[in-house]
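K.L.:
entry_7.cif is reproduced below (mmCIF, C-alpha atoms, pLDDT in the B column; chains and numbers go by the auth columns).
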data_structure
loop_
_atom_site.group_PDB
_atom_site.id
_atom_site.type_symbol
_atom_site.label_atom_id
_atom_site.label_comp_id
_atom_site.label_asym_id
_atom_site.label_seq_id
_atom_site.Cartn_x
_atom_site.Cartn_y
_atom_site.Cartn_z
_atom_site.B_iso_or_equiv
_atom_site.auth_seq_id
_atom_site.auth_asym_id
ATOM 1 C CA MET A 1 47.696 13.713 25.387 98.00 77 A
ATOM 2 C CA LYS A 2 48.377 9.990 25.163 98.00 78 A
ATOM 3 C CA ILE A 3 48.289 7.875 22.019 98.00 79 A
ATOM 4 C CA SER A 4 46.515 4.533 22.258 98.00 80 A
ATOM 5 C CA ALA A 5 47.413 1.992 19.575 97.00 81 A
ATOM 6 C CA SER A 6 44.435 0.108 18.165 95.00 82 A
ATOM 7 C CA ILE A 7 45.725 -3.422 17.669 94.00 83 A
ATOM 8 C CA GLN A 8 42.877 -4.231 15.303 91.00 84 A
ATOM 9 C CA ALA A 9 45.127 -2.552 12.713 92.00 85 A
ATOM 10 C CA ALA A 10 48.179 -4.627 13.714 92.00 86 A
ATOM 11 C CA ASN A 11 49.371 -7.815 12.058 91.00 87 A
ATOM 12 C CA GLN A 12 46.815 -10.288 13.376 88.00 88 A
ATOM 13 C CA LEU A 13 49.222 -13.195 12.961 89.00 89 A
ATOM 14 C CA ASN A 14 51.761 -11.620 15.293 92.00 90 A
ATOM 15 C CA ILE A 15 50.236 -8.783 17.278 94.00 91 A
ATOM 16 C CA ILE A 16 52.831 -8.725 20.059 95.00 92 A
ATOM 17 C CA GLU A 17 55.701 -8.482 17.565 96.00 93 A
ATOM 18 C CA ASP A 18 53.929 -5.661 15.743 96.00 94 A
ATOM 19 C CA ILE A 19 53.447 -3.851 19.058 96.00 95 A
ATOM 20 C CA ASN A 20 57.126 -4.251 19.897 95.00 96 A
ATOM 21 C CA ASN A 21 58.174 -3.004 16.459 95.00 97 A
ATOM 22 C CA ASN A 22 56.253 0.260 16.928 95.00 98 A
ATOM 23 C CA ILE A 23 56.831 1.118 20.576 94.00 99 A
ATOM 24 C CA THR A 24 57.991 4.676 19.868 95.00 100 A
ATOM 25 C CA LYS A 25 54.618 5.628 18.382 95.00 101 A
ATOM 26 C CA PHE A 26 52.185 5.177 21.290 97.00 102 A
ATOM 27 C CA ASP A 27 51.658 5.138 25.058 98.00 103 A
ATOM 28 C CA GLN A 28 49.055 2.433 25.606 98.00 104 A
ATOM 29 C CA ILE A 29 46.964 -0.195 23.809 98.00 105 A
ATOM 30 C CA HIS A 30 43.387 0.016 22.538 97.00 106 A
ATOM 31 C CA VAL A 31 41.285 -3.110 21.963 96.00 107 A
ATOM 32 C CA ASP A 32 37.985 -3.088 20.051 94.00 108 A
ATOM 33 C CA ILE A 33 35.650 -5.971 20.807 93.00 109 A
ATOM 34 C CA THR A 34 32.576 -6.492 18.622 90.00 110 A
ATOM 35 C CA ASP A 35 29.897 -9.170 18.709 78.00 111 A
ATOM 36 C CA GLY A 36 28.535 -9.316 15.161 69.00 112 A
ATOM 37 C CA HIS A 37 25.210 -7.864 16.369 70.00 113 A
ATOM 38 C CA PHE A 38 25.905 -4.287 17.470 72.00 114 A
ATOM 39 C CA THR A 39 28.292 -4.215 14.519 70.00 115 A
ATOM 40 C CA ASN A 40 28.328 -6.377 11.404 66.00 116 A
ATOM 41 C CA ASN A 41 31.603 -8.088 12.148 69.00 117 A
ATOM 42 C CA ILE A 42 33.450 -9.856 14.951 68.00 118 A
ATOM 43 C CA SER A 43 36.913 -8.475 15.670 73.00 119 A
ATOM 44 C CA MET A 44 39.123 -8.856 18.728 79.00 120 A
ATOM 45 C CA SER A 45 38.465 -11.120 21.730 85.00 121 A
ATOM 46 C CA PHE A 46 38.897 -10.873 25.478 93.00 122 A
ATOM 47 C CA GLN A 47 41.943 -13.108 25.105 93.00 123 A
ATOM 48 C CA HIS A 48 43.692 -10.283 23.257 94.00 124 A
ATOM 49 C CA ILE A 49 43.385 -8.125 26.388 96.00 125 A
ATOM 50 C CA LYS A 50 44.922 -10.870 28.503 96.00 126 A
ATOM 51 C CA GLU A 51 47.773 -11.524 26.063 95.00 127 A
ATOM 52 C CA VAL A 52 48.719 -7.848 25.848 96.00 128 A
ATOM 53 C CA LYS A 53 48.627 -7.486 29.632 96.00 129 A
ATOM 54 C CA ASN A 54 50.699 -10.652 30.118 96.00 130 A
ATOM 55 C CA GLN A 55 53.290 -9.926 27.435 96.00 131 A
ATOM 56 C CA THR A 56 53.692 -6.132 27.658 96.00 132 A
ATOM 57 C CA ASN A 57 53.686 -3.421 30.318 96.00 133 A
ATOM 58 C CA TYR A 58 51.070 -1.274 28.599 97.00 134 A
ATOM 59 C CA LYS A 59 47.763 -0.129 29.988 98.00 135 A
ATOM 60 C CA VAL A 60 44.855 -1.421 27.911 98.00 136 A
ATOM 61 C CA ASP A 61 41.717 0.567 27.146 98.00 137 A
ATOM 62 C CA VAL A 62 38.817 -1.357 25.632 98.00 138 A
ATOM 63 C CA GLN A 63 35.858 -0.285 23.523 97.00 139 A
ATOM 64 C CA LEU A 64 32.998 -2.755 23.637 96.00 140 A
ATOM 65 C CA MET A 65 30.768 -2.577 20.573 93.00 141 A
ATOM 66 C CA VAL A 66 28.318 -5.225 21.727 91.00 142 A
ATOM 67 C CA GLU A 67 24.668 -5.673 22.656 89.00 143 A
ATOM 68 C CA ASN A 68 25.098 -7.265 26.095 93.00 144 A
ATOM 69 C CA ASN A 69 27.312 -4.882 28.047 94.00 145 A
ATOM 70 C CA VAL A 70 25.955 -6.051 31.402 94.00 146 A
ATOM 71 C CA LYS A 71 27.506 -9.453 30.753 95.00 147 A
ATOM 72 C CA LEU A 72 30.574 -8.485 28.735 95.00 148 A
ATOM 73 C CA ALA A 73 31.914 -5.357 30.467 97.00 149 A
ATOM 74 C CA PRO A 74 32.784 -7.324 33.642 97.00 150 A
ATOM 75 C CA LEU A 75 34.542 -9.906 31.450 96.00 151 A
ATOM 76 C CA ALA A 76 36.725 -7.190 29.945 97.00 152 A
ATOM 77 C CA PHE A 77 37.797 -6.089 33.410 98.00 153 A
ATOM 78 C CA GLU A 78 38.376 -9.698 34.480 97.00 154 A
ATOM 79 C CA HIS A 79 40.739 -10.156 31.528 97.00 155 A
ATOM 80 C CA GLY A 80 42.817 -7.181 32.609 97.00 156 A
ATOM 81 C CA ALA A 81 41.333 -4.066 30.981 98.00 157 A
ATOM 82 C CA ASP A 82 42.354 -0.839 32.701 98.00 158 A
ATOM 83 C CA LEU A 83 39.489 1.144 31.172 98.00 159 A
ATOM 84 C CA VAL A 84 36.329 -0.092 29.450 98.00 160 A
ATOM 85 C CA CYS A 85 34.066 2.127 27.322 98.00 161 A
ATOM 86 C CA ILE A 86 30.594 0.839 26.484 98.00 162 A
ATOM 87 C CA HIS A 87 28.132 2.341 24.035 97.00 163 A
ATOM 88 C CA CYS A 88 25.149 4.339 25.226 97.00 164 A
ATOM 89 C CA GLU A 89 23.247 3.069 22.170 96.00 165 A
ATOM 90 C CA SER A 90 23.274 -0.465 23.603 95.00 166 A
ATOM 91 C CA THR A 91 23.279 0.306 27.335 96.00 167 A
ATOM 92 C CA ASP A 92 20.275 1.377 29.360 96.00 168 A
ATOM 93 C CA LEU A 93 21.122 4.173 31.810 98.00 169 A
ATOM 94 C CA ASN A 94 20.194 2.069 34.839 98.00 170 A
ATOM 95 C CA ASP A 95 22.460 -0.750 33.643 97.00 171 A
ATOM 96 C CA PHE A 96 25.256 1.759 33.107 98.00 172 A
ATOM 97 C CA ILE A 97 24.859 3.106 36.634 98.00 173 A
ATOM 98 C CA ARG A 98 24.974 -0.408 38.089 98.00 174 A
ATOM 99 C CA LEU A 99 28.116 -1.233 36.109 98.00 175 A
ATOM 100 C CA SER A 100 29.774 2.026 37.140 97.00 176 A
ATOM 101 C CA ASN A 101 29.060 1.198 40.786 97.00 177 A
ATOM 102 C CA GLN A 102 30.666 -2.224 40.340 96.00 178 A
ATOM 103 C CA HIS A 103 33.723 -1.137 38.334 96.00 179 A
ATOM 104 C CA SER A 104 35.980 1.867 38.435 92.00 180 A
ATOM 105 C CA ASN A 105 37.261 3.157 35.091 97.00 181 A
ATOM 106 C CA LEU A 106 34.047 2.643 33.140 98.00 182 A
ATOM 107 C CA GLY A 107 33.393 5.014 30.261 98.00 183 A
ATOM 108 C CA VAL A 108 30.570 5.771 27.853 98.00 184 A
ATOM 109 C CA ALA A 109 31.041 5.718 24.070 98.00 185 A
ATOM 110 C CA THR A 110 29.004 7.145 21.197 97.00 186 A
ATOM 111 C CA LEU A 111 28.641 6.238 17.550 94.00 187 A
ATOM 112 C CA PRO A 112 29.486 8.915 14.959 94.00 188 A
ATOM 113 C CA ASP A 113 25.867 9.952 14.365 93.00 189 A
ATOM 114 C CA THR A 114 24.858 9.988 18.034 96.00 190 A
ATOM 115 C CA SER A 115 24.482 13.498 19.421 97.00 191 A
ATOM 116 C CA ASN A 116 26.653 14.416 22.398 98.00 192 A
ATOM 117 C CA LYS A 117 23.428 15.435 24.153 98.00 193 A
ATOM 118 C CA VAL A 118 22.379 11.782 24.373 97.00 194 A
ATOM 119 C CA ILE A 119 24.995 11.054 27.040 98.00 195 A
ATOM 120 C CA SER A 120 24.000 13.925 29.339 98.00 196 A
ATOM 121 C CA GLU A 121 22.646 11.542 31.993 97.00 197 A
ATOM 122 C CA TYR A 122 25.575 9.121 31.646 98.00 198 A
ATOM 123 C CA ILE A 123 28.308 11.708 32.167 97.00 199 A
ATOM 124 C CA GLN A 124 28.153 11.892 35.953 96.00 200 A
ATOM 125 C CA TYR A 125 28.706 8.122 36.198 98.00 201 A
ATOM 126 C CA SER A 126 31.492 8.010 33.573 98.00 202 A
ATOM 127 C CA ASP A 127 35.223 7.997 34.133 98.00 203 A
ATOM 128 C CA ALA A 128 35.742 8.521 30.401 98.00 204 A
ATOM 129 C CA VAL A 129 33.901 9.485 27.229 98.00 205 A
ATOM 130 C CA LEU A 130 34.881 7.960 23.886 98.00 206 A
ATOM 131 C CA LEU A 131 33.780 9.799 20.754 98.00 207 A
ATOM 132 C CA LEU A 132 33.883 7.499 17.728 95.00 208 A
ATOM 133 C CA GLY A 133 34.455 9.141 14.364 91.00 209 A
ATOM 134 C CA VAL A 134 34.088 6.102 12.094 83.00 210 A
ATOM 135 C CA ASN A 135 31.477 3.442 11.529 74.00 211 A
ATOM 136 C CA PRO A 136 32.267 0.718 14.046 68.00 212 A
ATOM 137 C CA GLY A 137 33.977 -2.587 13.565 53.00 213 A
ATOM 138 C CA PHE A 138 36.551 -2.076 10.817 53.00 214 A
ATOM 139 C CA SER A 139 40.044 -0.613 10.950 55.00 215 A
ATOM 140 C CA ASN A 140 41.749 1.908 8.653 55.00 216 A
ATOM 141 C CA GLN A 141 38.627 3.875 7.704 57.00 217 A
ATOM 142 C CA GLY A 142 38.274 7.539 6.960 62.00 218 A
ATOM 143 C CA GLN A 143 36.146 9.570 9.351 66.00 219 A
ATOM 144 C CA SER A 144 32.400 9.518 8.686 59.00 220 A
ATOM 145 C CA ILE A 145 32.002 12.773 10.651 77.00 221 A
ATOM 146 C CA ASN A 146 34.324 15.634 11.571 90.00 222 A
ATOM 147 C CA LEU A 147 35.651 14.245 14.839 95.00 223 A
ATOM 148 C CA LEU A 148 37.275 17.518 15.877 96.00 224 A
ATOM 149 C CA ASP A 149 33.920 19.294 15.559 96.00 225 A
ATOM 150 C CA LYS A 150 32.312 16.650 17.770 97.00 226 A
ATOM 151 C CA VAL A 151 35.083 17.110 20.342 98.00 227 A
ATOM 152 C CA LYS A 152 34.522 20.880 20.352 98.00 228 A
ATOM 153 C CA ASP A 153 30.776 20.389 20.732 98.00 229 A
ATOM 154 C CA PHE A 154 31.349 17.989 23.645 98.00 230 A
ATOM 155 C CA ASN A 155 33.519 20.548 25.415 98.00 231 A
ATOM 156 C CA LYS A 156 30.851 23.226 25.013 98.00 232 A
ATOM 157 C CA LEU A 157 28.147 20.956 26.396 98.00 233 A
ATOM 158 C CA TYR A 158 30.183 19.529 29.266 98.00 234 A
ATOM 159 C CA PRO A 159 32.824 22.106 30.274 97.00 235 A
ATOM 160 C CA ASP A 160 33.066 20.630 33.777 96.00 236 A
ATOM 161 C CA PHE A 161 33.631 17.009 32.758 97.00 237 A
ATOM 162 C CA ASN A 162 36.723 15.836 34.644 96.00 238 A
ATOM 163 C CA GLY A 163 37.101 12.339 33.231 97.00 239 A
ATOM 164 C CA GLN A 164 39.192 11.255 30.252 98.00 240 A
ATOM 165 C CA LEU A 165 38.094 12.382 26.793 98.00 241 A
ATOM 166 C CA ILE A 166 38.969 9.865 24.088 98.00 242 A
ATOM 167 C CA ALA A 167 38.869 10.499 20.333 98.00 243 A
ATOM 168 C CA ASP A 168 38.841 7.403 18.139 96.00 244 A
ATOM 169 C CA GLY A 169 38.638 6.804 14.407 89.00 245 A
ATOM 170 C CA GLY A 170 40.547 7.865 11.322 88.00 246 A
ATOM 171 C CA ILE A 171 42.960 10.055 13.289 93.00 247 A
ATOM 172 C CA LYS A 172 46.057 11.002 11.321 92.00 248 A
ATOM 173 C CA ILE A 173 49.295 12.429 12.677 92.00 249 A
ATOM 174 C CA ASN A 174 48.300 15.900 11.421 94.00 250 A
ATOM 175 C CA ASP A 175 45.128 15.766 13.556 95.00 251 A
ATOM 176 C CA LEU A 176 46.884 15.244 16.877 97.00 252 A
ATOM 177 C CA GLU A 177 47.807 18.827 17.730 98.00 253 A
ATOM 178 C CA ASN A 178 44.262 20.147 17.283 98.00 254 A
ATOM 179 C CA LEU A 179 42.822 17.295 19.330 98.00 255 A
ATOM 180 C CA LYS A 180 45.303 18.038 22.098 98.00 256 A
ATOM 181 C CA LYS A 181 44.406 21.751 22.037 98.00 257 A
ATOM 182 C CA ASN A 182 40.760 20.767 22.472 98.00 258 A
ATOM 183 C CA LYS A 183 41.281 18.791 25.677 97.00 259 A
ATOM 184 C CA VAL A 184 41.436 15.275 24.248 98.00 260 A
ATOM 185 C CA ASP A 185 43.262 13.074 26.765 98.00 261 A
ATOM 186 C CA ILE A 186 43.655 9.965 24.588 98.00 262 A
ATOM 187 C CA ALA A 187 43.781 9.745 20.784 98.00 263 A
ATOM 188 C CA VAL A 188 43.297 6.261 19.357 97.00 264 A
ATOM 189 C CA GLN A 189 45.262 5.465 16.209 95.00 265 A
ATOM 190 C CA GLY A 190 45.464 2.235 14.257 92.00 266 A
ATOM 191 C CA GLY A 191 46.591 2.476 10.672 90.00 267 A
ATOM 192 C CA ALA A 192 48.657 5.599 11.451 92.00 268 A
ATOM 193 C CA ILE A 193 50.782 3.398 13.739 94.00 269 A
ATOM 194 C CA PHE A 194 50.815 -0.064 12.197 92.00 270 A
ATOM 195 C CA ARG A 195 50.580 0.591 8.451 81.00 271 A
ATOM 196 C CA SER A 196 53.821 1.472 6.697 65.00 272 A
ATOM 197 C CA ASP A 197 51.907 3.440 4.036 55.00 273 A
ATOM 198 C CA ALA A 198 49.894 5.517 6.534 48.00 274 A
#
In structure tokens, what does this structure look like?
P.N.:
Amino acid sequence: MKISASIQAANQLNIIEDINNNITKFDQIHVDITDGHFTNNISMSFQHIKEVKNQTNYKVDVQLMVENNVKLAPLAFEHGADLVCIHCESTDLNDFIRLSNQHSNLGVATLPDTSNKVISEYIQYSDAVLLLGVNPGFSNQGQSINLLDKVKDFNKLYPDFNGQLIADGGIKINDLENLKKNKVDIAVQGGAIFRSDA
């Protein structure tokens, strides 16, 4: 299982330095992009993807929490994203299929309260599934659901899924072993990596 560092929790005045100061704690970089509509706030930008790709050797996975994925998912790839997860709640299935035909490494994401059953028709077109365990848009939150339970439920529903399973939100160091045992490929951590008091 790989650890992806959510740079929304890093020092926003010097993200690259904060990344370099914590290199022993993660394998790749996670970027959350919000639009102020799908979520209540605006966080990272596409430029953050480009800067990380230009100034580090890390792969970058992106979660888009936006309304217009048809327009913005291609932009994420253009800026260097290696994997882009878009939310089923804001993406019509037909639009998702079109995007998956245009881009490899496209994944589907769900909000905490969205049932795993909702993505049943998206799965076959997805290279990854991101299960979000916190309300979107803000870093360093506690989980609003039991993320491990949602992971277990996903595995029961989709035992043959062969893409990457990503768990994101409020994941502490003590959670990692159980997530790994339950077939999570990537665990996203923010505060657990970048906060000295985490």
K.L.:
Output as a Markdown table one row per residue of range 163-243 of chain A within 6 Å of range 248-267 of chain A: the closest atom pair and its distance in Å to one decimal place, counting only C-alpha atoms, sorted by chain and residue number ascending.
P.N.:
| residue | atom | partner | partner_atom | distance |
| --- | --- | --- | --- | --- |
| A:Asn216 | CA | A:Gly267 | CA | 5.3 |
| A:Gln240 | CA | A:Asp261 | CA | 5.7 |
| A:Leu241 | CA | A:Val260 | CA | 5.1 |
| A:Ile242 | CA | A:Ile262 | CA | 4.7 |
| A:Ala243 | CA | A:Ala263 | CA | 5.0 |
K.L.:
Tell me which residues the PyMOL selection byres ((chain A and resi 142) around 9) grabs here, as a VMD selection string.
P.N.:
chain A and resid 109 to 115 140 to 141 143 to 145 148 162 to 163 166
K.L.:
One number please: CA of Ile199 in chain A to CA of Thr167 in chain A, in Å, one decimal.
P.N.:
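So the answer is 13.4 Å.
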K.L.:
Can you translate the PyMOL selection byres ((chain A and resi 202) around 10) into the concrete residues it hits in this file, as a PyMOL selection string?
P.N.:
chain A and resi 161+172-173+176+180-185+195+197-201+203-205+237-240
K.L.:
CA of Val160 in chain A and CA of Leu175 in chain A are how many Å apart?
P.N.:
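Value for the CA of Val160 in chain A-CA of Leu175 in chain A distance: 10.6 Å.
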K.L.:
Could you check the closest approach to Asp225 in chain A for each of A:Gln104, A:Ser191, A:Gln178, A:Gln88 and tell me which residue wins, using all atoms listed in the file?
P.N.:
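That would be A:Ser191, the residue with the smallest distance to Asp225 in chain A.
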K.L.:
As JSON, please: the centre and edge lengths in Å, to one decimal, of an axis-aligned box enclosing every listed atom of range 148-159 of chain A with 3 Å added on each side.
P.N.:
{"center_x": 36.7, "center_y": -4.5, "center_z": 31.6, "size_x": 18.2, "size_y": 17.3, "size_z": 11.7}
K.L.:
Using only C-alpha atoms, can you tell me which of A:Leu207, A:Leu151, A:Ile79, A:Ile247 comes closest to Asp229 in chain A?
P.N.:
A:Leu207
K.L.:
I'd like to see the residues matched by the PyMOL selection byres ((chain A and resi 126) around 12) on this file, and ideally I'd get them as a PyMOL selection string.
P.N.:
chain A and resi 92+105+107+120-125+127-138+151-158
K.L.:
How many Å lie between CA of Asn96 in chain A and CA of Gly246 in chain A, rounded to one decimal?
P.N.:
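Straight-line distance from CA of Asn96 in chain A to CA of Gly246 in chain A works out to 22.3 Å.
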K.L.:
Quick one: of A:Ser196, A:Asn211, A:Asn222, A:Thr190, who's nearest to Tyr234 in chain A, counting only C-alpha atoms?
P.N.:
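Using only C-alpha atoms, the shortest distance to Tyr234 in chain A belongs to A:Ser196.
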K.L.:
Using all atoms listed in the file, what residues lie at most 7 Å away from (34.4, 10.0, 14.6) (file coordinates), given as an MDAnalysis selection string?
P.N.:
chainID A and resid 188 207:210 219:223 244:245
